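File shown here: coords-v3.cif, holding mmCIF, C-alpha atoms.
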data_work
#
loop_
_atom_site.label_atom_id
_atom_site.label_comp_id
_atom_site.auth_asym_id
_atom_site.auth_seq_id
_atom_site.Cartn_x
_atom_site.Cartn_y
_atom_site.Cartn_z
CA MET A 2 -5.85 21.35 20.54
CA ALA A 3 -6.54 17.62 20.19
CA ASP A 4 -8.58 17.70 23.40
CA LEU A 5 -10.68 20.63 22.14
CA LYS A 6 -11.40 18.77 18.91
CA LYS A 7 -12.49 15.74 20.93
CA VAL A 8 -14.84 17.98 22.90
CA ALA A 9 -16.33 19.34 19.67
CA CYS A 10 -16.84 15.89 18.16
CA ALA A 11 -18.35 14.55 21.38
CA GLU A 12 -20.85 17.42 21.41
CA VAL A 13 -21.92 16.65 17.85
CA ASP A 14 -22.39 12.98 18.77
CA LYS A 15 -24.40 13.95 21.86
CA MET A 16 -26.71 16.15 19.80
CA ALA A 17 -27.05 13.73 16.85
CA ALA A 18 -30.72 12.86 17.41
CA GLU A 19 -31.77 16.48 17.85
CA LEU A 20 -29.77 17.54 14.79
CA ASN A 21 -31.46 14.85 12.71
CA GLU A 22 -34.85 16.06 13.92
CA LEU A 23 -33.92 19.62 12.93
CA SER A 24 -32.90 18.47 9.46
CA GLN A 25 -36.09 16.45 9.05
CA LYS A 26 -38.25 19.46 9.87
CA ILE A 27 -36.61 21.51 7.13
CA TRP A 28 -36.66 18.60 4.64
CA ALA A 29 -40.38 17.95 5.22
CA ARG A 30 -41.34 21.59 4.54
CA PRO A 31 -39.29 22.75 1.53
CA GLU A 32 -39.34 26.50 0.88
CA LEU A 33 -38.12 28.40 -2.17
CA ASN A 34 -35.58 31.21 -2.08
CA PHE A 35 -36.42 34.15 0.16
CA GLU A 36 -39.51 32.25 1.37
CA GLU A 37 -37.69 30.14 3.99
CA HIS A 38 -39.72 31.45 6.93
CA TYR A 39 -40.28 28.06 8.58
CA ALA A 40 -36.63 27.03 8.25
CA HIS A 41 -35.58 30.42 9.61
CA GLN A 42 -37.85 29.94 12.62
CA VAL A 43 -36.80 26.39 13.54
CA LEU A 44 -33.10 27.12 13.09
CA THR A 45 -33.10 30.31 15.14
CA ASP A 46 -35.24 28.72 17.86
CA PHE A 47 -32.84 25.77 18.02
CA LEU A 48 -29.72 27.92 18.31
CA GLU A 49 -31.24 30.36 20.79
CA ALA A 50 -32.35 27.50 23.03
CA ARG A 51 -28.74 26.32 23.13
CA GLY A 52 -27.24 29.60 24.28
CA PHE A 53 -26.39 31.45 21.09
CA ASN A 54 -27.05 35.16 20.75
CA VAL A 55 -29.48 35.07 17.82
CA GLU A 56 -30.36 37.94 15.48
CA ARG A 57 -33.42 36.99 13.46
CA ARG A 58 -34.15 38.51 10.03
CA TYR A 59 -30.53 39.64 9.92
CA LYS A 60 -30.21 42.12 7.02
CA LEU A 61 -32.70 39.98 5.03
CA GLU A 62 -36.13 38.67 5.98
CA THR A 63 -35.04 35.01 6.10
CA ALA A 64 -31.37 35.39 7.06
CA PHE A 65 -30.06 35.08 10.60
CA ARG A 66 -26.89 35.46 12.63
CA ALA A 67 -26.14 33.45 15.77
CA THR A 68 -22.96 34.27 17.68
CA TRP A 69 -20.95 33.00 20.62
CA GLY A 70 -17.94 34.61 22.24
CA GLY A 71 -16.20 37.68 20.92
CA GLU A 72 -15.88 39.50 24.22
CA THR A 73 -12.16 40.04 23.60
CA THR A 74 -11.16 42.15 20.63
CA GLY A 75 -8.27 41.26 18.35
CA LEU A 76 -9.22 37.60 18.07
CA PRO A 77 -10.64 36.02 14.91
CA ASN A 78 -14.26 35.80 13.84
CA VAL A 79 -15.04 32.55 12.03
CA ALA A 80 -18.36 32.11 10.24
CA ILE A 81 -20.03 28.78 9.56
CA LEU A 82 -22.67 29.15 6.87
CA CYS A 83 -26.04 27.42 6.67
CA GLU A 84 -28.28 27.14 3.61
CA TYR A 85 -31.88 25.96 3.71
CA ASP A 86 -33.76 26.89 0.52
CA ALA A 87 -35.24 24.20 -1.72
CA LEU A 88 -36.01 23.71 -5.41
CA PRO A 89 -39.37 24.13 -7.17
CA GLU A 90 -41.42 20.90 -7.30
CA ILE A 91 -38.60 18.57 -6.21
CA GLY A 92 -37.90 19.99 -2.74
CA HIS A 93 -34.50 19.47 -1.10
CA ALA A 94 -32.90 17.81 -4.13
CA CYS A 95 -29.67 19.67 -3.36
CA GLY A 96 -29.59 18.68 0.30
CA HIS A 97 -29.72 22.13 1.84
CA ASN A 98 -31.48 20.68 4.87
CA LEU A 99 -28.24 18.77 5.47
CA ILE A 100 -26.14 21.90 4.96
CA ALA A 101 -28.18 23.62 7.67
CA GLU A 102 -27.84 20.60 9.95
CA LEU A 103 -24.08 20.24 9.62
CA GLY A 104 -23.61 24.01 9.98
CA VAL A 105 -25.50 23.98 13.26
CA ALA A 106 -23.63 20.82 14.31
CA ALA A 107 -20.30 22.53 13.69
CA GLY A 108 -21.48 25.56 15.63
CA LEU A 109 -22.47 23.43 18.62
CA GLY A 110 -19.13 21.60 18.52
CA VAL A 111 -17.04 24.77 18.39
CA LYS A 112 -19.12 26.41 21.12
CA ALA A 113 -18.54 23.43 23.43
CA ALA A 114 -14.80 23.55 22.73
CA MET A 115 -14.69 27.30 23.36
CA GLN A 116 -16.38 26.77 26.72
CA ALA A 117 -13.87 24.05 27.61
CA ALA A 118 -10.81 26.05 26.50
CA GLY A 119 -10.55 28.17 29.63
CA ARG A 120 -9.50 31.21 27.61
CA PRO A 121 -11.02 33.40 24.91
CA LEU A 122 -10.69 31.89 21.44
CA GLY A 123 -12.51 34.56 19.47
CA LYS A 124 -15.96 34.84 17.99
CA LEU A 125 -18.06 32.09 16.45
CA THR A 126 -20.73 33.09 13.93
CA VAL A 127 -23.38 30.76 12.53
CA LEU A 128 -24.78 32.63 9.54
CA GLY A 129 -28.05 31.66 7.91
CA THR A 130 -27.83 32.60 4.22
CA PRO A 131 -31.04 32.42 2.16
CA ALA A 132 -31.70 32.03 -1.55
CA GLU A 133 -28.63 30.19 -2.80
CA GLU A 134 -30.62 28.60 -5.61
CA GLY A 135 -30.63 31.64 -7.85
CA GLY A 136 -31.51 34.47 -5.47
CA GLY A 137 -27.98 35.41 -4.47
CA GLY A 138 -28.72 35.86 -0.78
CA LYS A 139 -25.03 35.92 0.09
CA VAL A 140 -24.44 38.57 -2.58
CA LYS A 141 -27.04 40.82 -0.99
CA LEU A 142 -25.52 40.21 2.44
CA ILE A 143 -22.07 41.08 1.12
CA ASP A 144 -23.44 44.32 -0.31
CA GLN A 145 -24.90 45.16 3.10
CA GLN A 146 -21.49 44.63 4.80
CA ALA A 147 -22.55 41.46 6.61
CA PHE A 148 -19.10 39.90 6.11
CA ASP A 149 -16.95 42.92 6.92
CA ASP A 150 -15.84 41.60 10.34
CA VAL A 151 -15.51 37.94 9.29
CA ASP A 152 -12.02 36.40 9.09
CA ALA A 153 -12.99 33.09 7.48
CA ALA A 154 -16.17 31.48 6.14
CA LEU A 155 -16.80 27.73 6.13
CA MET A 156 -19.53 25.44 4.84
CA ALA A 157 -19.91 22.00 3.24
CA HIS A 158 -22.30 20.68 0.60
CA PRO A 159 -23.58 17.18 -0.25
CA ALA A 160 -22.71 15.93 -3.73
CA PRO A 161 -22.03 12.70 -5.67
CA PHE A 162 -18.33 12.99 -4.73
CA HIS A 163 -15.82 14.24 -2.16
CA ASP A 164 -14.03 17.53 -2.85
CA THR A 165 -12.60 19.83 -0.19
CA ARG A 166 -12.41 22.93 -2.38
CA PRO A 167 -16.01 24.11 -1.84
CA ALA A 168 -16.45 24.86 1.91
CA ILE A 169 -14.82 25.20 5.35
CA LEU A 170 -14.51 27.70 8.17
CA ALA A 171 -11.40 28.53 10.16
CA TYR A 172 -10.68 30.64 13.23
CA VAL A 173 -7.77 31.71 15.38
CA GLY A 174 -9.07 31.46 18.92
CA TYR A 175 -11.76 34.07 18.50
CA ALA A 176 -15.47 34.32 17.90
CA LEU A 177 -17.62 31.78 16.15
CA THR A 178 -20.63 32.80 14.09
CA VAL A 179 -23.13 30.38 12.55
CA LEU A 180 -24.85 32.16 9.67
CA GLY A 181 -28.15 31.04 8.16
CA SER A 182 -28.06 31.98 4.47
CA PRO A 183 -31.42 31.65 2.67
CA ALA A 184 -32.20 31.46 -1.07
CA GLU A 185 -29.08 29.72 -2.37
CA GLU A 186 -31.17 27.92 -5.02
CA GLY A 187 -31.43 30.81 -7.43
CA GLY A 188 -32.06 33.64 -4.99
CA GLY A 189 -28.46 34.55 -4.23
CA GLY A 190 -29.03 34.89 -0.50
CA LYS A 191 -25.31 35.14 0.30
CA VAL A 192 -24.94 37.85 -2.35
CA LYS A 193 -27.53 39.94 -0.53
CA MET A 194 -25.84 39.19 2.80
CA ILE A 195 -22.49 40.39 1.44
CA GLU A 196 -24.21 43.59 0.32
CA ALA A 197 -25.70 43.88 3.81
CA GLY A 198 -22.25 43.72 5.44
CA VAL A 199 -22.84 40.40 7.19
CA PHE A 200 -19.27 39.26 6.48
CA ASP A 201 -17.55 42.53 7.37
CA ASP A 202 -16.13 41.18 10.66
CA VAL A 203 -15.60 37.55 9.58
CA ASP A 204 -12.06 36.18 9.19
CA VAL A 205 -12.87 32.77 7.69
CA ALA A 206 -16.05 31.28 6.18
CA MET A 207 -16.78 27.54 5.88
CA MET A 208 -19.61 25.28 4.81
CA ALA A 209 -20.05 21.81 3.28
CA HIS A 210 -22.51 20.57 0.66
CA PRO A 211 -23.91 17.07 0.01
CA ALA A 212 -23.15 15.59 -3.41
CA PRO A 213 -22.55 12.22 -5.12
CA PHE A 214 -18.79 12.62 -4.49
CA HIS A 215 -16.12 13.99 -2.13
CA ASP A 216 -14.18 17.09 -3.23
CA THR A 217 -12.56 19.72 -1.01
CA ARG A 218 -11.46 21.95 -3.89
CA ILE A 219 -14.31 21.76 -6.37
CA VAL A 220 -14.48 24.33 -9.15
CA MET A 221 -17.57 26.53 -8.96
CA LEU A 222 -18.25 28.72 -11.97
CA ALA A 223 -19.15 32.38 -12.22
CA ARG A 224 -22.78 32.63 -13.34
CA LEU A 225 -24.96 35.21 -15.03
CA SER A 226 -28.71 34.74 -15.51
CA VAL A 227 -30.81 36.69 -18.00
CA THR A 228 -34.37 36.83 -19.30
CA VAL A 229 -34.77 37.51 -23.03
CA THR A 230 -38.13 38.89 -24.23
CA TYR A 231 -39.19 39.09 -27.88
CA ARG A 232 -42.16 41.20 -28.91
CA GLY A 233 -43.91 40.79 -32.24
CA LYS A 234 -47.44 41.30 -33.54
CA ALA A 235 -50.38 38.96 -32.98
CA SER A 236 -52.61 37.85 -35.84
CA HIS A 237 -54.81 34.91 -36.84
CA ALA A 238 -52.35 32.19 -37.78
CA SER A 239 -54.56 30.83 -40.58
CA GLY A 240 -56.67 33.77 -41.71
CA PHE A 241 -54.10 36.59 -41.74
CA PRO A 242 -50.63 35.19 -41.06
CA TRP A 243 -48.97 37.88 -43.18
CA GLU A 244 -50.14 40.49 -40.68
CA GLY A 245 -48.27 38.87 -37.82
CA VAL A 246 -44.74 39.14 -36.51
CA ASN A 247 -43.96 35.82 -34.84
CA ALA A 248 -42.20 36.20 -31.50
CA LEU A 249 -42.08 32.42 -31.10
CA ASP A 250 -40.01 32.17 -34.27
CA ALA A 251 -37.58 34.60 -32.68
CA ALA A 252 -37.41 32.51 -29.49
CA VAL A 253 -36.83 29.27 -31.41
CA MET A 254 -34.20 30.91 -33.60
CA CYS A 255 -32.50 32.30 -30.50
CA TYR A 256 -32.45 28.86 -28.85
CA GLN A 257 -31.05 27.20 -31.97
CA SER A 258 -28.43 29.90 -32.50
CA VAL A 259 -27.13 29.55 -28.95
CA SER A 260 -27.05 25.76 -29.37
CA ASN A 261 -25.03 26.11 -32.59
CA LEU A 262 -22.66 28.53 -30.86
CA ARG A 263 -21.65 25.78 -28.41
CA GLN A 264 -19.31 24.38 -31.08
CA GLN A 265 -17.10 27.40 -30.39
CA PHE A 266 -17.36 27.30 -26.59
CA LYS A 267 -14.35 26.60 -24.42
CA PRO A 268 -14.71 23.22 -22.64
CA THR A 269 -15.27 25.03 -19.32
CA TRP A 270 -18.09 27.28 -20.56
CA ARG A 271 -21.71 26.36 -19.90
CA VAL A 272 -24.91 27.90 -21.29
CA HIS A 273 -28.37 26.43 -20.71
CA GLY A 274 -31.81 27.89 -21.14
CA ILE A 275 -35.54 27.32 -21.44
CA ILE A 276 -38.38 28.93 -23.37
CA SER A 277 -40.50 30.08 -20.44
CA LYS A 278 -43.26 31.72 -22.50
CA GLY A 279 -44.16 30.55 -26.00
CA GLY A 280 -47.67 31.70 -26.80
CA THR A 281 -51.24 30.89 -25.82
CA LYS A 282 -53.01 29.09 -28.73
CA PRO A 283 -51.81 27.57 -32.02
CA ASN A 284 -54.12 29.78 -34.10
CA ILE A 285 -52.72 33.01 -32.64
CA ILE A 286 -49.31 34.15 -33.82
CA PRO A 287 -47.42 34.78 -30.55
CA ASP A 288 -46.59 38.41 -29.96
CA ASN A 289 -44.67 37.93 -26.70
CA THR A 290 -42.18 35.17 -25.82
CA GLU A 291 -39.51 34.76 -23.17
CA LEU A 292 -36.42 32.69 -22.61
CA ILE A 293 -34.35 32.34 -19.43
CA TYR A 294 -30.65 31.57 -19.75
CA TYR A 295 -27.83 30.78 -17.33
CA LEU A 296 -24.29 31.55 -18.54
CA ARG A 297 -21.32 30.11 -16.65
CA ALA A 298 -17.53 30.41 -16.95
CA PRO A 299 -14.50 29.81 -14.69
CA THR A 300 -13.76 33.53 -14.19
CA GLU A 301 -15.54 36.85 -14.34
CA THR A 302 -13.44 37.87 -17.36
CA GLU A 303 -14.43 34.78 -19.33
CA LEU A 304 -18.05 35.17 -18.25
CA TRP A 305 -18.29 38.61 -19.83
CA LEU A 306 -16.62 37.33 -23.00
CA LEU A 307 -19.18 34.53 -23.17
CA ARG A 308 -21.95 37.04 -22.52
CA ASP A 309 -20.98 39.11 -25.55
CA LYS A 310 -21.10 36.06 -27.83
CA VAL A 311 -24.46 34.81 -26.55
CA PHE A 312 -26.10 38.23 -26.64
CA LYS A 313 -25.29 38.49 -30.35
CA CYS A 314 -27.44 35.37 -30.84
CA PHE A 315 -30.26 37.09 -28.96
CA GLU A 316 -30.00 40.17 -31.15
CA ALA A 317 -29.71 38.24 -34.43
CA ALA A 318 -32.97 36.39 -33.79
CA ALA A 319 -34.79 39.68 -33.32
CA THR A 320 -33.34 41.13 -36.52
CA ALA A 321 -34.17 38.04 -38.59
CA THR A 322 -37.83 37.92 -37.51
CA GLY A 323 -38.61 41.62 -37.26
CA CYS A 324 -39.27 41.45 -33.54
CA THR A 325 -38.06 43.80 -30.87
CA MET A 326 -35.96 42.39 -28.05
CA GLU A 327 -35.36 43.19 -24.39
CA THR A 328 -32.89 41.59 -21.99
CA ALA A 329 -33.10 41.76 -18.22
CA LEU A 330 -30.18 40.59 -16.11
CA HIS A 331 -31.32 38.90 -12.93
CA GLU A 332 -30.50 40.74 -9.75
CA ALA A 333 -27.53 38.76 -8.48
CA HIS A 334 -24.82 37.07 -10.51
CA TYR A 335 -22.60 34.47 -8.87
CA SER A 336 -18.81 34.80 -8.79
CA ASN A 337 -16.48 31.84 -9.24
CA LEU A 338 -15.38 30.08 -6.06
CA ILE A 339 -11.88 30.82 -4.72
CA ASN A 340 -10.85 27.86 -2.55
CA ASN A 341 -8.45 28.78 0.26
CA ASN A 342 -5.74 26.13 0.08
CA THR A 343 -4.64 26.40 3.71
CA LEU A 344 -8.21 25.94 4.93
CA ALA A 345 -8.78 23.09 2.49
CA ASP A 346 -5.61 21.31 3.61
CA LEU A 347 -6.69 21.61 7.25
CA TYR A 348 -10.11 20.27 6.37
CA ASP A 349 -8.62 17.27 4.55
CA VAL A 350 -6.50 16.38 7.58
CA ASN A 351 -9.39 16.73 10.01
CA ALA A 352 -11.73 14.69 7.81
CA ALA A 353 -9.08 11.97 7.57
CA THR A 354 -8.94 11.65 11.37
CA LEU A 355 -12.67 10.89 11.19
CA GLY A 356 -12.13 8.20 8.58
CA VAL A 357 -13.29 10.35 5.65
CA ASN A 358 -11.00 10.44 2.61
CA MET A 359 -11.67 13.74 0.84
CA GLU A 360 -9.64 12.74 -2.22
CA ASP A 361 -10.84 14.61 -5.30
CA THR A 362 -12.91 11.92 -7.00
CA PHE A 363 -14.50 14.49 -9.28
CA GLY A 364 -11.27 15.25 -11.12
CA GLY A 365 -11.35 18.98 -10.39
CA LYS A 366 -13.84 19.56 -13.18
CA ALA A 367 -16.22 22.49 -13.15
CA ALA A 368 -19.52 21.82 -11.46
CA GLY A 369 -22.27 24.33 -10.79
CA SER A 370 -22.33 27.80 -9.30
CA THR A 371 -23.04 29.12 -5.82
CA ASP A 372 -23.28 32.45 -4.06
CA MET A 373 -20.59 31.12 -1.74
CA GLY A 374 -18.33 32.11 -4.64
CA ASN A 375 -19.13 35.75 -3.92
CA VAL A 376 -18.27 35.22 -0.25
CA SER A 377 -14.92 33.70 -1.24
CA HIS A 378 -13.98 36.97 -2.96
CA VAL A 379 -14.39 38.95 0.28
CA VAL A 380 -13.49 36.40 3.00
CA PRO A 381 -11.15 33.36 3.02
CA SER A 382 -13.52 30.47 2.34
CA ILE A 383 -13.97 26.79 1.62
CA HIS A 384 -17.03 24.91 0.38
CA PRO A 385 -16.22 21.16 0.37
CA MET A 386 -18.53 18.73 -1.39
CA TYR A 387 -19.15 15.44 0.40
CA THR A 388 -20.78 12.27 -0.84
CA LEU A 389 -23.80 10.56 0.68
CA ASN A 390 -22.63 7.30 -0.92
CA CYS A 391 -25.54 7.08 -3.33
CA GLN A 392 -26.09 6.98 -7.09
CA ALA A 393 -28.45 9.96 -7.13
CA LEU A 394 -27.22 13.32 -8.41
CA ASN A 395 -28.00 16.80 -7.12
CA HIS A 396 -31.24 18.30 -8.47
CA GLN A 397 -32.77 14.86 -9.11
CA ARG A 398 -35.88 13.68 -7.28
CA GLU A 399 -33.91 10.68 -6.09
CA PHE A 400 -31.49 13.00 -4.29
CA THR A 401 -34.42 14.54 -2.43
CA ALA A 402 -35.20 11.13 -0.95
CA VAL A 403 -31.56 10.53 -0.02
CA ALA A 404 -31.29 13.94 1.70
CA GLY A 405 -34.14 12.97 4.02
CA ALA A 406 -33.01 9.41 4.70
CA PRO A 407 -31.37 8.20 7.95
CA GLU A 408 -28.44 6.91 5.89
CA ALA A 409 -27.39 10.51 5.17
CA GLN A 410 -26.77 11.27 8.84
CA PRO A 411 -23.32 9.70 9.45
CA TYR A 412 -21.86 11.43 6.39
CA THR A 413 -23.42 14.77 7.31
CA LEU A 414 -22.40 14.76 10.98
CA ALA A 415 -18.84 13.81 10.01
CA GLN A 416 -18.68 16.96 7.89
CA GLY A 417 -20.04 19.01 10.79
CA LYS A 418 -17.23 17.66 12.95
CA ALA A 419 -14.62 18.40 10.28
CA LEU A 420 -15.87 21.98 10.00
CA ALA A 421 -15.72 22.41 13.77
CA MET A 422 -12.20 20.98 13.95
CA THR A 423 -11.01 23.26 11.15
CA ALA A 424 -12.52 26.29 12.86
CA LEU A 425 -10.68 25.35 16.05
CA ASP A 426 -7.40 25.03 14.14
CA VAL A 427 -7.70 28.63 13.01
CA MET A 428 -9.04 29.95 16.31
CA THR A 429 -6.13 28.53 18.32
CA SER A 430 -3.26 29.37 15.96
CA PRO A 431 -2.56 32.97 14.90
CA ASP A 432 0.11 31.64 12.52
CA LEU A 433 -2.44 29.52 10.68
CA LEU A 434 -4.85 32.43 10.40
CA ALA A 435 -2.05 34.58 9.01
CA LYS A 436 -1.32 31.90 6.40
CA VAL A 437 -5.03 31.69 5.51
CA LYS A 438 -5.12 35.44 4.97
CA ALA A 439 -1.88 35.41 2.97
CA ASP A 440 -3.39 32.78 0.65
CA PHE A 441 -6.48 34.93 0.30
CA GLU A 442 -4.54 38.05 -0.67
CA LYS A 443 -2.51 36.07 -3.20
CA ASP A 444 -5.61 34.45 -4.71
CA LYS A 445 -7.33 37.82 -5.08
CA GLN A 446 -4.58 38.87 -7.49
CA ASN A 447 -5.60 36.06 -9.85
CA PRO A 448 -9.24 35.20 -9.12
#

Take the structure in the file and give it back as structure tokens.
Amino acid sequence: MADLKKVACAEVDKMAAELNELSQKIWARPELNFEEHYAHQVLTDFLEARGFNVERRYKLETAFRATWGGETTGLPNVAILCEYDALPEIGHACGHNLIAELGVAAGLGVKAAMQAAGRPLGKLTVLGTPAEEGGGGKVKLIDQQAFDDVDAALMAHPAPFHDTRPAILAYVGYALTVLGSPAEEGGGGKVKMIEAGVFDDVDVAMMAHPAPFHDTRIVMLARLSVTVTYRGKASHASGFPWEGVNALDAAVMCYQSVSNLRQQFKPTWRVHGIISKGGTKPNIIPDNTELIYYLRAPTETELWLLRDKVFKCFEAAATATGCTMETALHEAHYSNLINNNTLADLYDVNAATLGVNMEDTFGGKAAGSTDMGNVSHVVPSIHPMYTLNCQALNHQREFTAVAGAPEAQPYTLAQGKALAMTALDVMTSPDLLAKVKADFEKDKQNP
């Protein structure tokens, strides 16, 4: 096993320059959720040129699946997940170019180890998952049965800290799949991929994410997004104000009511919103306004409780102003992340051998939300956060610059190696895979 891990790490080191070039291409051309056509092209070309069996536009237009091995049935299928969507205006401020890079790096490392093993280890899947930033790409892929044959799913994510409980992939000597998952930034690409059945044959799923910290077991919240529309009656604001019904008043009252409600929130609840449409001219009483809200909570049960409270604020603003109100839930909501403890423990040990201490410097506090949470409800998963050793925070312009800097490379490639090593742990030990699955079944009873 130690020799196979050395093979995997050596392969990542050998490919370091090409992996950096791949990351730079994605970073330089940021694409929003479900629009990641360039990233899809360069990633699939890269993997195909290196011997993977690549399925482009897998279930979704900008998703892909690249596989290696799997000729022998009964062995595990481990999926390593890639993300590559960006944010409006500020580009790759969440470092998804690095997530794609380290996912591919892990895939290359595991593939090299599988070739050196001299025996079948299973199936490796590199899965490209679009639209994480709000589009729920993984949710759509889950719904289309993309994960039905997956035994474990792994990924990692950059952050301002280390935390192992957000991404890793494990296997038990089987097949490796590297999955490209578009539209994480609001599109829910993994949600769509779940719907598409991408994870149906996957045993373990792993990824990692850049951040301002290390954390293997970070808390990711369940999230619901909604658009609230108020309709009133337009009139001249000076000449005939009594003839108008002010939809902007309703929007402002809604915003203030939700803000006041925060006094009664649990410490782990989060609600944040914007007024996305507020009128056209000051002398016209607005007859149509919109707000967009994100609601987050640690569990699905708490999320729906929070929803009921917030929606009463929406309704009260309409009643008070005489407006009508409509709410539209966005297509994909994100589930909370279930960290697989066995996978996370393996990841911590492997990272430590590379000189990376994944101690939870974030204190286990709730962070954001991700469609990897949906994957973790159908496949044993981890989604570690890893620091780039910078002061910038995710979704800041400064983080965009860090994600494209050479200084990010050592941290990112180390996570790719740790993912590969964890996948090999699972692929070469049926007992470990059984423990991973036992954890998963136990966690599902109390998600």

Would you kindly translate the PyMOL selection byres ((chain A and resi 370) around 9) into the concrete residues it picks from this file, as number ranges by chain? A: 220-224, 297, 335-338, 367-369, 371-374

Evaluating the PyMOL selection byres ((chain A and resi 281-286) around 12) on the displayed file yields which residues, as an MDAnalysis selection string? chainID A and resid 232:251 278:280 287:290

re atom CA of A:Ala154 and atom CA of A:Met386: distance 15.0 Å

Counting only C-alpha atoms, which residues come within 10 Å of (-5.5, 25.1, 4.2), with the point read in the file's coordinates, and could you list them as a list in words? Thr165, Arg166, Ile169, Ala171, Asn340, Asn341, Asn342, Thr343, Leu344, Ala345, Asp346, Leu347, Tyr348, Asp349, Val350, Ser382, Ile383, Thr423, Val427, Leu433, Leu434, Lys436, Val437 and Asp440 of chain A

Got a sec to resolve the PyMOL selection byres ((chain A and resi 143) around 7) on this structure and send the residues as a PyMOL selection string? chain A and resi 139-142+144-148+191-200

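Pairwise distance (atom CA of A:Gln257, atom CA of A:Leu330) equals 20.8 Å.
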
Gap from atom CA of A:Val380 to atom CA of A:Asp201 - Å, one decimal: 8.6 Å

Show me, as a VMD selection string, the residues that have an atom within 8 Å of stretch 93-108 of chain A when counting all atoms listed in the file, minus same-chain residues fewer than 6 positions from it. chain A and resid 9 13 16 20 to 21 23 to 25 27 to 28 31 48 81 to 87 125 to 127 156 to 160 177 to 179 181 208 to 212 395 to 402 404 413 to 414 416 to 421

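The residue that comes closest to A:Ala40, out of A:Phe65, A:Tyr256, A:Phe312, A:Tyr295 and on the basis of only C-alpha atoms, is A:Phe65.
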
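Residues within 7 Å of A:Asp152, counting only C-alpha atoms and excluding same-chain residues fewer than 6 positions away, are Pro77, Asn78, Val79, Asp202, Val203, Asp204, Val205, Val380 and Pro381 of chain A.
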
Could you dump the residues just selected with C-alpha atoms as an mmCIF file, keeping the file's coordinate frame?
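The resulting file, result16.cif, is reproduced below:
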data_model
loop_
_atom_site.group_PDB
_atom_site.id
_atom_site.type_symbol
_atom_site.label_atom_id
_atom_site.label_comp_id
_atom_site.auth_asym_id
_atom_site.auth_seq_id
_atom_site.Cartn_x
_atom_site.Cartn_y
_atom_site.Cartn_z
ATOM 1 C CA PRO A 77 -10.640 36.020 14.910
ATOM 2 C CA ASN A 78 -14.260 35.800 13.840
ATOM 3 C CA VAL A 79 -15.040 32.550 12.030
ATOM 4 C CA ASP A 202 -16.130 41.180 10.660
ATOM 5 C CA VAL A 203 -15.600 37.550 9.580
ATOM 6 C CA ASP A 204 -12.060 36.180 9.190
ATOM 7 C CA VAL A 205 -12.870 32.770 7.690
ATOM 8 C CA VAL A 380 -13.490 36.400 3.000
ATOM 9 C CA PRO A 381 -11.150 33.360 3.020
#

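Using only C-alpha atoms for every distance, the candidate list A:Leu88, A:Met115, A:Leu128, A:Cys391 yields A:Leu128 as the residue closest to A:Tyr59.
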
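Restricting the calculation to only C-alpha atoms, the smallest distance between A:Leu155 and any of A:Val253, A:Leu225, A:Ala329, A:Val376 is found for A:Val376.
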
As AutoDock Vina command-line options, what would the box around stretch 231-245 of chain A look like: edges along x, y and z, 6 Å added on every side, centre and edge lengths in Å to one decimal?
--center_x -47.9 --center_y 36.1 --center_z -35.5 --size_x 29.5 --size_y 22.5 --size_z 27.3
